[in-house]
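Text of entry12.cif, listed as mmCIF, C-alpha atoms and all ligand atoms:
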```cif
data_structure
#
loop_
_atom_site.label_atom_id
_atom_site.label_comp_id
_atom_site.auth_asym_id
_atom_site.auth_seq_id
_atom_site.Cartn_x
_atom_site.Cartn_y
_atom_site.Cartn_z
CA MET A 1 0.00 0.00 0.00
CA LEU A 2 1.16 3.53 -0.74
CA ASP A 3 1.70 5.89 2.14
CA SER A 4 -0.45 8.99 2.25
CA SER A 5 2.25 11.35 0.91
CA GLU A 6 2.53 9.26 -2.28
CA VAL A 7 -1.23 9.30 -2.70
CA ASN A 8 -1.14 13.07 -2.31
CA LEU A 9 1.49 13.45 -5.06
CA MET A 10 -0.46 11.25 -7.43
CA ALA A 11 -3.67 13.21 -7.03
CA GLN A 12 -1.91 16.61 -7.12
CA LEU A 13 -3.76 17.80 -4.07
CA PRO A 14 -2.68 20.74 -1.92
CA GLU A 15 -0.52 19.83 1.09
CA SER A 16 -2.87 21.57 3.46
CA VAL A 17 -6.36 22.98 3.47
CA SER A 18 -7.71 25.83 5.57
CA ILE A 19 -11.08 24.91 7.03
CA ARG A 20 -13.28 27.60 8.50
CA GLU A 21 -15.59 26.12 11.13
CA VAL A 22 -19.02 27.74 10.63
CA GLY A 23 -21.08 25.71 13.13
CA PRO A 24 -21.35 28.47 15.76
CA ARG A 25 -22.80 30.92 13.20
CA ASP A 26 -24.19 29.28 10.04
CA GLY A 27 -24.98 26.11 11.97
CA LEU A 28 -26.71 27.53 15.02
CA GLN A 29 -28.45 30.28 13.03
CA ASN A 30 -30.38 27.55 11.25
CA GLU A 31 -31.32 25.48 14.28
CA GLU A 32 -33.79 26.18 17.08
CA PRO A 33 -32.32 28.85 19.42
CA ILE A 34 -30.15 27.52 22.25
CA PRO A 35 -28.99 29.32 25.44
CA THR A 36 -26.01 31.68 25.46
CA ASP A 37 -24.05 29.32 27.74
CA ALA A 38 -24.44 26.51 25.23
CA LYS A 39 -23.18 28.68 22.38
CA VAL A 40 -20.11 29.70 24.37
CA ARG A 41 -19.39 26.05 25.26
CA LEU A 42 -19.57 25.01 21.61
CA LEU A 43 -17.36 27.88 20.46
CA ASP A 44 -14.77 27.09 23.12
CA ALA A 45 -14.77 23.37 22.31
CA LEU A 46 -14.24 24.13 18.62
CA SER A 47 -11.51 26.69 19.29
CA ARG A 48 -9.52 23.95 21.04
CA THR A 49 -9.65 21.44 18.15
CA GLY A 50 -6.72 22.99 16.29
CA VAL A 51 -9.00 24.59 13.70
CA ARG A 52 -7.44 27.76 12.32
CA ARG A 53 -10.56 29.74 11.46
CA VAL A 54 -13.97 30.03 13.09
CA GLU A 55 -17.03 31.97 11.94
CA ALA A 56 -18.14 32.91 15.42
CA VAL A 57 -21.37 34.93 15.20
CA SER A 58 -23.47 37.19 12.98
CA PHE A 59 -24.66 40.66 13.88
CA VAL A 60 -28.19 40.62 12.53
CA HIS A 61 -31.47 42.07 13.69
CA PRO A 62 -32.73 39.96 16.63
CA LYS A 63 -36.27 40.02 15.24
CA ALA A 64 -35.09 38.62 11.91
CA ILE A 65 -32.76 36.01 13.42
CA PRO A 66 -33.47 35.36 17.12
CA GLN A 67 -30.76 32.66 17.18
CA MET A 68 -28.10 35.39 17.06
CA ALA A 69 -29.75 37.92 19.39
CA ASP A 70 -27.02 37.36 22.01
CA ALA A 71 -24.09 37.60 19.55
CA ASP A 72 -22.34 40.34 21.55
CA GLU A 73 -22.47 38.37 24.79
CA VAL A 74 -21.47 35.07 23.17
CA TRP A 75 -18.46 36.70 21.59
CA GLN A 76 -17.49 38.56 24.77
CA ARG A 77 -17.55 35.39 26.83
CA ALA A 78 -15.91 33.07 24.30
CA GLU A 79 -12.29 32.12 24.78
CA LYS A 80 -10.12 33.63 22.04
CA VAL A 81 -7.57 30.92 21.37
CA ASP A 82 -4.14 31.93 20.02
CA GLY A 83 -3.66 31.04 16.39
CA VAL A 84 -7.39 30.96 15.60
CA ARG A 85 -8.79 33.60 13.26
CA TYR A 86 -12.36 34.53 14.13
CA SER A 87 -14.83 36.14 11.73
CA ALA A 88 -18.35 37.54 11.89
CA LEU A 89 -21.07 37.89 9.29
CA VAL A 90 -23.02 41.13 8.89
CA PRO A 91 -26.02 42.05 6.73
CA ASN A 92 -25.68 45.83 6.68
CA THR A 93 -24.00 48.96 8.07
CA ARG A 94 -25.55 48.58 11.51
CA GLY A 95 -24.28 45.00 11.75
CA ALA A 96 -20.85 46.05 10.50
CA GLN A 97 -20.62 48.72 13.19
CA ARG A 98 -21.55 46.19 15.87
CA ALA A 99 -18.97 43.70 14.58
CA LEU A 100 -16.24 46.35 14.51
CA ALA A 101 -17.16 47.55 18.00
CA ALA A 102 -16.91 43.94 19.20
CA GLY A 103 -13.36 43.82 17.86
CA PHE A 104 -13.72 41.70 14.71
CA THR A 105 -11.21 42.37 11.96
CA GLU A 106 -12.45 39.73 9.49
CA ILE A 107 -15.97 40.41 8.35
CA GLU A 108 -18.23 38.70 5.83
CA VAL A 109 -21.11 40.15 3.85
CA VAL A 110 -23.55 38.19 1.68
CA VAL A 111 -25.20 38.68 -1.67
CA SER A 112 -27.16 36.09 -3.59
CA ALA A 113 -26.28 35.40 -7.23
CA SER A 114 -29.99 34.82 -7.85
CA ASP A 115 -32.20 37.91 -7.89
CA THR A 116 -35.18 35.96 -6.57
CA HIS A 117 -33.22 34.47 -3.67
CA ASN A 118 -31.70 37.86 -2.87
CA ARG A 119 -35.14 39.52 -2.84
CA ARG A 120 -36.47 36.78 -0.55
CA ASN A 121 -33.56 37.43 1.82
CA VAL A 122 -33.25 41.20 1.87
CA ASN A 123 -36.00 42.53 -0.39
CA ARG A 124 -33.50 43.97 -2.86
CA SER A 125 -32.14 42.97 -6.25
CA THR A 126 -28.64 41.52 -6.50
CA ASP A 127 -27.42 44.79 -8.10
CA GLU A 128 -28.92 46.89 -5.31
CA SER A 129 -27.21 44.69 -2.73
CA LEU A 130 -23.91 45.04 -4.60
CA ASP A 131 -24.22 48.82 -4.31
CA ASP A 132 -24.69 48.45 -0.53
CA ILE A 133 -21.74 46.07 -0.35
CA ALA A 134 -19.45 48.57 -2.08
CA GLU A 135 -20.19 51.03 0.74
CA LEU A 136 -19.76 48.33 3.39
CA ILE A 137 -16.35 47.39 2.00
CA ASP A 138 -15.24 51.03 2.32
CA LEU A 139 -16.58 51.20 5.87
CA LEU A 140 -14.76 47.99 6.89
CA HIS A 141 -11.49 48.98 5.24
CA GLY A 142 -11.70 52.40 6.87
CA ALA A 143 -11.83 50.63 10.24
CA GLY A 144 -8.90 48.33 9.41
CA ALA A 145 -11.00 45.18 8.83
CA THR A 146 -11.03 42.87 5.83
CA ALA A 147 -14.18 42.28 3.79
CA GLU A 148 -15.17 38.90 2.39
CA VAL A 149 -18.10 38.75 -0.01
CA ILE A 150 -20.05 35.50 0.15
CA VAL A 151 -22.02 34.81 -3.03
CA ALA A 152 -24.97 32.64 -2.04
CA THR A 153 -26.76 30.33 -4.53
CA SER A 154 -23.58 30.24 -6.63
CA PHE A 155 -24.27 26.70 -7.83
CA GLY A 156 -28.05 26.92 -8.23
CA CYS A 157 -31.13 28.64 -6.81
CA PRO A 158 -34.11 26.87 -5.26
CA TYR A 159 -36.46 29.37 -6.98
CA GLU A 160 -34.72 29.98 -10.32
CA GLY A 161 -32.85 26.70 -10.88
CA ASP A 162 -29.51 26.87 -12.69
CA VAL A 163 -27.31 29.89 -12.05
CA ASP A 164 -25.00 30.76 -14.94
CA PRO A 165 -21.33 30.68 -13.80
CA ARG A 166 -20.79 33.77 -15.98
CA ARG A 167 -23.30 35.65 -13.82
CA VAL A 168 -21.37 34.65 -10.69
CA ALA A 169 -18.08 35.61 -12.37
CA ALA A 170 -19.55 39.04 -13.23
CA ILE A 171 -20.51 39.54 -9.56
CA VAL A 172 -16.91 38.69 -8.63
CA ASP A 173 -15.66 41.27 -11.18
CA ARG A 174 -17.80 43.89 -9.50
CA VAL A 175 -16.82 43.13 -5.88
CA ALA A 176 -13.15 42.79 -6.85
CA ARG A 177 -13.34 46.28 -8.37
CA ASP A 178 -15.00 47.49 -5.19
CA GLY A 179 -12.10 46.16 -3.11
CA ALA A 180 -13.30 42.84 -1.64
CA ASP A 181 -10.40 41.01 0.01
CA ARG A 182 -11.75 37.57 -0.79
CA VAL A 183 -14.83 35.88 -2.21
CA ALA A 184 -16.72 32.82 -1.04
CA PHE A 185 -19.19 30.77 -3.06
CA GLY A 186 -22.09 29.25 -1.20
CA ASP A 187 -23.91 26.17 -2.43
CA THR A 188 -26.84 27.35 -0.37
CA THR A 189 -29.21 24.48 -1.13
CA GLY A 190 -26.77 21.75 -2.13
CA MET A 191 -27.26 21.95 -5.91
CA GLY A 192 -23.55 21.81 -6.76
CA THR A 193 -21.86 18.89 -8.48
CA PRO A 194 -18.18 18.42 -9.41
CA ARG A 195 -18.97 19.57 -12.96
CA ARG A 196 -20.52 22.81 -11.70
CA VAL A 197 -17.63 23.37 -9.30
CA ARG A 198 -15.17 23.04 -12.18
CA GLU A 199 -17.17 25.45 -14.37
CA LEU A 200 -17.58 28.07 -11.67
CA VAL A 201 -14.01 28.03 -10.32
CA THR A 202 -12.64 28.18 -13.87
CA ALA A 203 -14.96 31.04 -14.87
CA VAL A 204 -13.97 33.07 -11.81
CA ARG A 205 -10.23 32.35 -12.10
CA ASP A 206 -10.15 33.29 -15.79
CA ARG A 207 -10.95 36.87 -14.84
CA ASN A 208 -9.78 37.31 -11.25
CA ALA A 209 -6.93 34.88 -10.76
CA HIS A 210 -5.44 36.82 -7.84
CA LEU A 211 -8.53 36.88 -5.60
CA PRO A 212 -8.60 34.33 -2.74
CA VAL A 213 -11.53 31.94 -3.14
CA LEU A 214 -13.33 29.97 -0.43
CA LEU A 215 -16.02 27.38 -1.10
CA HIS A 216 -19.02 26.62 1.10
CA PHE A 217 -20.77 23.35 0.32
CA HIS A 218 -23.98 21.86 1.59
CA ASN A 219 -24.48 18.11 1.54
CA THR A 220 -28.19 18.34 0.83
CA ARG A 221 -27.88 15.98 -2.13
CA GLY A 222 -24.79 14.08 -1.00
CA THR A 223 -22.22 15.85 -3.19
CA ALA A 224 -20.33 18.03 -0.68
CA LEU A 225 -17.17 15.90 -0.35
CA ALA A 226 -17.00 15.23 -4.09
CA ASN A 227 -17.31 18.98 -4.68
CA MET A 228 -14.58 19.75 -2.17
CA LEU A 229 -12.20 17.22 -3.74
CA THR A 230 -12.86 18.64 -7.21
CA ALA A 231 -12.12 22.16 -5.99
CA MET A 232 -8.89 20.94 -4.37
CA GLU A 233 -7.80 19.45 -7.69
CA LEU A 234 -8.29 22.95 -9.12
CA GLY A 235 -6.04 24.36 -6.39
CA VAL A 236 -8.67 25.75 -4.02
CA THR A 237 -7.46 25.44 -0.42
CA GLU A 238 -10.13 27.24 1.64
CA PHE A 239 -13.41 25.65 2.66
CA ASP A 240 -16.22 26.18 5.12
CA ALA A 241 -17.54 23.25 7.11
CA SER A 242 -19.87 22.91 10.06
CA VAL A 243 -19.36 20.66 13.07
CA GLY A 244 -21.69 17.66 12.90
CA GLY A 245 -23.22 19.10 9.73
CA LEU A 246 -25.11 21.61 11.86
CA GLY A 247 -27.38 24.05 9.97
CA GLY A 248 -29.12 24.57 6.63
CA CYS A 249 -30.77 27.65 5.13
CA PRO A 250 -34.00 29.20 6.48
CA TYR A 251 -34.89 30.76 3.11
CA ALA A 252 -34.58 27.61 1.07
CA PRO A 253 -37.34 25.08 1.69
CA GLY A 254 -36.05 21.59 2.49
CA ALA A 255 -32.42 22.68 2.54
CA SER A 256 -30.25 21.16 5.22
CA GLY A 257 -26.81 19.95 5.97
CA ASN A 258 -23.68 22.01 5.77
CA LEU A 259 -20.69 19.84 4.90
CA ALA A 260 -19.77 18.22 8.24
CA THR A 261 -16.31 19.30 9.39
CA GLU A 262 -15.35 15.87 10.72
CA GLU A 263 -16.33 14.20 7.41
CA ALA A 264 -14.02 16.62 5.58
CA VAL A 265 -11.17 16.26 8.08
CA HIS A 266 -11.46 12.48 8.16
CA MET A 267 -11.13 12.26 4.36
CA LEU A 268 -8.40 14.90 4.05
CA HIS A 269 -6.12 13.44 6.69
CA ASP A 270 -6.31 9.97 5.14
CA MET A 271 -5.25 11.55 1.84
CA GLY A 272 -2.24 13.25 3.43
CA VAL A 273 -3.78 16.75 3.42
CA ASP A 274 -3.15 18.68 6.64
CA THR A 275 -5.87 20.73 8.36
CA GLY A 276 -4.30 21.30 11.79
CA ILE A 277 -7.43 19.81 13.34
CA ASP A 278 -7.41 16.99 15.91
CA LEU A 279 -10.14 14.67 14.62
CA ASP A 280 -10.87 13.12 18.02
CA ALA A 281 -11.32 16.55 19.60
CA LEU A 282 -13.53 17.55 16.69
CA ILE A 283 -15.74 14.47 17.08
CA GLU A 284 -16.10 15.33 20.78
CA ALA A 285 -17.18 18.84 19.76
CA ALA A 286 -19.70 17.31 17.34
CA GLU A 287 -21.08 15.13 20.16
CA LEU A 288 -21.38 18.27 22.26
CA ALA A 289 -23.15 20.10 19.40
CA GLU A 290 -25.61 17.22 19.08
CA SER A 291 -26.40 17.28 22.78
CA LEU A 292 -26.78 21.08 22.79
CA VAL A 293 -29.28 21.20 19.90
CA GLY A 294 -30.99 18.05 21.18
CA LYS A 295 -31.27 16.21 17.88
CA LYS A 296 -29.30 13.83 15.69
CA LEU A 297 -26.89 15.59 13.35
CA PRO A 298 -26.28 14.21 9.86
CA SER A 299 -22.51 13.61 10.01
CA GLY A 300 -21.49 10.08 9.02
CA VAL A 301 -18.17 10.27 10.88
CA LEU A 302 -20.02 11.33 14.02
CA ARG A 303 -22.24 8.23 13.68
CA ALA A 304 -19.62 5.67 12.67
CA GLY A 305 -16.43 7.14 14.17
CA PRO A 306 -13.21 7.56 12.20
CA ARG A 307 -11.97 4.63 10.09
CA THR A 308 -9.15 4.16 12.61
CA ARG A 309 -11.67 3.21 15.31
CA LEU A 310 -11.73 -0.56 14.96
CA THR A 311 -14.48 -2.91 15.98
CA PRO A 312 -13.31 -5.40 18.62
CA LEU A 313 -13.70 -9.07 17.63
CA PRO A 314 -16.09 -11.03 19.82
CA ALA A 315 -14.15 -12.89 22.57
ZN ZN A 401 -24.19 26.91 4.97
#
```

Would you put the structure from the file into structure tokens?
Ligand code: ZN
Amino acid sequence: MLDSSEVNLMAQLPESVSIREVGPRDGLQNEEPIPTDAKVRLLDALSRTGVRRVEAVSFVHPKAIPQMADADEVWQRAEKVDGVRYSALVPNTRGAQRALAAGFTEIEVVVSASDTHNRRNVNRSTDESLDDIAELIDLLHGAGATAEVIVATSFGCPYEGDVDPRRVAAIVDRVARDGADRVAFGDTTGMGTPRRVRELVTAVRDRNAHLPVLLHFHNTRGTALANMLTAMELGVTEFDASVGGLGGCPYAPGASGNLATEEAVHMLHDMGVDTGIDLDALIEAAELAESLVGKKLPSGVLRAGPRTRLTPLPA
């Protein structure tokens, strides 16, 4: 059998991948609200897994998203572990000001590639949201923070169906011109396949090769790991994943299942790709997440354990 470094060379995969753990924000925002204490416990458990990036909270209107009403307190009480980069998501100027006041220096804003999905979310067209985002980028840069633009429904829209990769690439052109530090592509309702990943990443790279790209997959239709592997073959090294597969999307009927972090880590480590994450500690955090939300989470590695956990023979 080949050792994992030989496998890595054969497949031309990156040596390491940067996973951003989004369970505390994207995950919990799409589950029934849980107490502040529970959120802090989950954040702290995740911060100690060796993960290098965590999306900690979002600063949204508490009436719109009650799950994040205590974002300030959660963030204040959470342990900030050395070597972990924390980010927050904001929907508008008010949210950006709150995130900056809380001390965040990495901030994410969202626009949907699909007009219909964007209107359902924020009652504005994609172009109108892009105008707002241009102002937000200036505000964030003026305060010394970086701005990441997340393009939701990049691989398909639950209302409109297919989303043309050229439309997504044109959105990237616009936000790159407006100064975005990085872009992320969200497969909001799990419509992506390896073919679509290849088309989108290629379309974006053709025009904005310099811009850091992060991919956010949902496993709604079982393609998240295949999509991640395809993106890695194209040289993408930044991915979102959610502990236990926590979270879905409240605006997309039937959507569920962020890519589970431990499923990604389990596969990557066996292929010789480093993440910095301790898989056992991560599985413990997933067990904690499951107990805190009080329901079974979809992660296969959480159910079955890692492949290194052997079944004892009967005596
Ligand atoms: Zn998600």

Could you build a table of the residues in chain A lying no more than 12 Å from ligand ZN 401 (chain A), giving for each the nearest pair of atoms and their separation in Å rounded to one decimal place, using all atoms listed in the file, ordered by chain and ascending residue number, as JSON lines?
```
{"residue": "A:Arg20", "atom": "CA", "partner": "A:ZN401", "partner_atom": "ZN", "distance": 11.5}
{"residue": "A:Glu21", "atom": "CA", "partner": "A:ZN401", "partner_atom": "ZN", "distance": 10.6}
{"residue": "A:Val22", "atom": "CA", "partner": "A:ZN401", "partner_atom": "ZN", "distance": 7.7}
{"residue": "A:Gly23", "atom": "CA", "partner": "A:ZN401", "partner_atom": "ZN", "distance": 8.8}
{"residue": "A:Pro24", "atom": "CA", "partner": "A:ZN401", "partner_atom": "ZN", "distance": 11.3}
{"residue": "A:Arg25", "atom": "CA", "partner": "A:ZN401", "partner_atom": "ZN", "distance": 9.3}
{"residue": "A:Asp26", "atom": "CA", "partner": "A:ZN401", "partner_atom": "ZN", "distance": 5.6}
{"residue": "A:Gly27", "atom": "CA", "partner": "A:ZN401", "partner_atom": "ZN", "distance": 7.1}
{"residue": "A:Leu28", "atom": "CA", "partner": "A:ZN401", "partner_atom": "ZN", "distance": 10.4}
{"residue": "A:Gln29", "atom": "CA", "partner": "A:ZN401", "partner_atom": "ZN", "distance": 9.7}
{"residue": "A:Asn30", "atom": "CA", "partner": "A:ZN401", "partner_atom": "ZN", "distance": 8.8}
{"residue": "A:Glu31", "atom": "CA", "partner": "A:ZN401", "partner_atom": "ZN", "distance": 11.8}
{"residue": "A:Glu55", "atom": "CA", "partner": "A:ZN401", "partner_atom": "ZN", "distance": 11.2}
{"residue": "A:Val110", "atom": "CA", "partner": "A:ZN401", "partner_atom": "ZN", "distance": 11.8}
{"residue": "A:Ile150", "atom": "CA", "partner": "A:ZN401", "partner_atom": "ZN", "distance": 10.7}
{"residue": "A:Val151", "atom": "CA", "partner": "A:ZN401", "partner_atom": "ZN", "distance": 11.5}
{"residue": "A:Ala152", "atom": "CA", "partner": "A:ZN401", "partner_atom": "ZN", "distance": 9.1}
{"residue": "A:Thr153", "atom": "CA", "partner": "A:ZN401", "partner_atom": "ZN", "distance": 10.4}
{"residue": "A:Ala184", "atom": "CA", "partner": "A:ZN401", "partner_atom": "ZN", "distance": 11.3}
{"residue": "A:Phe185", "atom": "CA", "partner": "A:ZN401", "partner_atom": "ZN", "distance": 10.2}
{"residue": "A:Gly186", "atom": "CA", "partner": "A:ZN401", "partner_atom": "ZN", "distance": 6.9}
{"residue": "A:Asp187", "atom": "CA", "partner": "A:ZN401", "partner_atom": "ZN", "distance": 7.4}
{"residue": "A:Thr188", "atom": "CA", "partner": "A:ZN401", "partner_atom": "ZN", "distance": 6.0}
{"residue": "A:Thr189", "atom": "CA", "partner": "A:ZN401", "partner_atom": "ZN", "distance": 8.3}
{"residue": "A:Gly190", "atom": "CA", "partner": "A:ZN401", "partner_atom": "ZN", "distance": 9.1}
{"residue": "A:Leu215", "atom": "CA", "partner": "A:ZN401", "partner_atom": "ZN", "distance": 10.2}
{"residue": "A:His216", "atom": "CA", "partner": "A:ZN401", "partner_atom": "ZN", "distance": 6.5}
{"residue": "A:Phe217", "atom": "CA", "partner": "A:ZN401", "partner_atom": "ZN", "distance": 6.8}
{"residue": "A:His218", "atom": "CA", "partner": "A:ZN401", "partner_atom": "ZN", "distance": 6.1}
{"residue": "A:Asn219", "atom": "CA", "partner": "A:ZN401", "partner_atom": "ZN", "distance": 9.4}
{"residue": "A:Thr220", "atom": "CA", "partner": "A:ZN401", "partner_atom": "ZN", "distance": 10.3}
{"residue": "A:Ala224", "atom": "CA", "partner": "A:ZN401", "partner_atom": "ZN", "distance": 11.2}
{"residue": "A:Phe239", "atom": "CA", "partner": "A:ZN401", "partner_atom": "ZN", "distance": 11.1}
{"residue": "A:Asp240", "atom": "CA", "partner": "A:ZN401", "partner_atom": "ZN", "distance": 8.0}
{"residue": "A:Ala241", "atom": "CA", "partner": "A:ZN401", "partner_atom": "ZN", "distance": 7.9}
{"residue": "A:Ser242", "atom": "CA", "partner": "A:ZN401", "partner_atom": "ZN", "distance": 7.8}
{"residue": "A:Val243", "atom": "CA", "partner": "A:ZN401", "partner_atom": "ZN", "distance": 11.3}
{"residue": "A:Gly245", "atom": "CA", "partner": "A:ZN401", "partner_atom": "ZN", "distance": 9.2}
{"residue": "A:Leu246", "atom": "CA", "partner": "A:ZN401", "partner_atom": "ZN", "distance": 8.7}
{"residue": "A:Gly247", "atom": "CA", "partner": "A:ZN401", "partner_atom": "ZN", "distance": 6.6}
{"residue": "A:Gly248", "atom": "CA", "partner": "A:ZN401", "partner_atom": "ZN", "distance": 5.7}
{"residue": "A:Cys249", "atom": "CA", "partner": "A:ZN401", "partner_atom": "ZN", "distance": 6.6}
{"residue": "A:Pro250", "atom": "CA", "partner": "A:ZN401", "partner_atom": "ZN", "distance": 10.2}
{"residue": "A:Tyr251", "atom": "CA", "partner": "A:ZN401", "partner_atom": "ZN", "distance": 11.5}
{"residue": "A:Ala252", "atom": "CA", "partner": "A:ZN401", "partner_atom": "ZN", "distance": 11.1}
{"residue": "A:Ala255", "atom": "CA", "partner": "A:ZN401", "partner_atom": "ZN", "distance": 9.6}
{"residue": "A:Ser256", "atom": "CA", "partner": "A:ZN401", "partner_atom": "ZN", "distance": 8.4}
{"residue": "A:Gly257", "atom": "CA", "partner": "A:ZN401", "partner_atom": "ZN", "distance": 7.5}
{"residue": "A:Asn258", "atom": "CA", "partner": "A:ZN401", "partner_atom": "ZN", "distance": 5.0}
{"residue": "A:Leu259", "atom": "CA", "partner": "A:ZN401", "partner_atom": "ZN", "distance": 7.9}
{"residue": "A:Ala260", "atom": "CA", "partner": "A:ZN401", "partner_atom": "ZN", "distance": 10.3}
{"residue": "A:Thr261", "atom": "CA", "partner": "A:ZN401", "partner_atom": "ZN", "distance": 11.8}
```

* Have a look at A:Arg174, A:Lys295, A:Arg207, A:Arg48 and name the one nearest to Glu32 of chain A; count only C-alpha atoms. =>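 With only C-alpha atoms as the atom set, the closest residue is A:Lys295.
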
* Using only C-alpha atoms: which of A:Thr93, A:Ala102, A:Leu302, A:Ser114 has the shortest distance to Ala281 of chain A -> A:Leu302

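From atom CA of Ile19 of chain A back to atom CA of Thr230 of chain A, the distance works out to 15.7 Å.
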
* Asked: Can you find the residues with an atom no farther than 9 Å from (-31.3, 36.8, -8.9), counting only C-alpha atoms, and report them as a list in words?
  -> Ser112, Ala113, Ser114, Asp115, Thr116, His117, Asn118, Arg119, Ser125, Thr126, Asp127, Cys157, Glu160 and Val163 of chain A

* Work out how far apart atom CA of Asp132 of chain A and atom CA of Pro91 of chain A are and give it in Å to one decimal. =>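 According to the coordinates, atom CA of Asp132 of chain A and atom CA of Pro91 of chain A are separated by 9.8 Å.
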
* Pick from A:Met232, A:Val293, A:His269, A:Pro312: nearest to Pro14 of chain A, with only C-alpha atoms counted? ->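 Of the candidates, the smallest distance to Pro14 of chain A is held by A:Met232.
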
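Take atom CA of Glu108 of chain A and atom CA of Glu73 of chain A: the distance between them is 19.4 Å.
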
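Using only C-alpha atoms for every distance, the candidate list A:Asp270, A:Glu106, A:Glu15, A:Glu290 yields A:Glu106 as the residue closest to Ala88 of chain A.
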
* Test item: residues at most 12 Å from segment 95-100 of chain A, all atoms listed in the file, excluding those fewer than 6 positions along its chain, as an MDAnalysis selection string -> chainID A and resid 56:62 68:69 71:73 75:76 86:89 106:109 132:133 135:147

* Pick out the closest residue to Met228 of chain A from this set: A:Arg53, A:Gly156, A:Leu310, A:Val17. Count only C-alpha atoms. => A:Val17

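Remark: for Asp44 of chain A, the closest of the candidate residues A:Ala285, A:Arg85, A:Gly179, A:Gly294 is A:Ala285 (distances computed over all atoms listed in the file).
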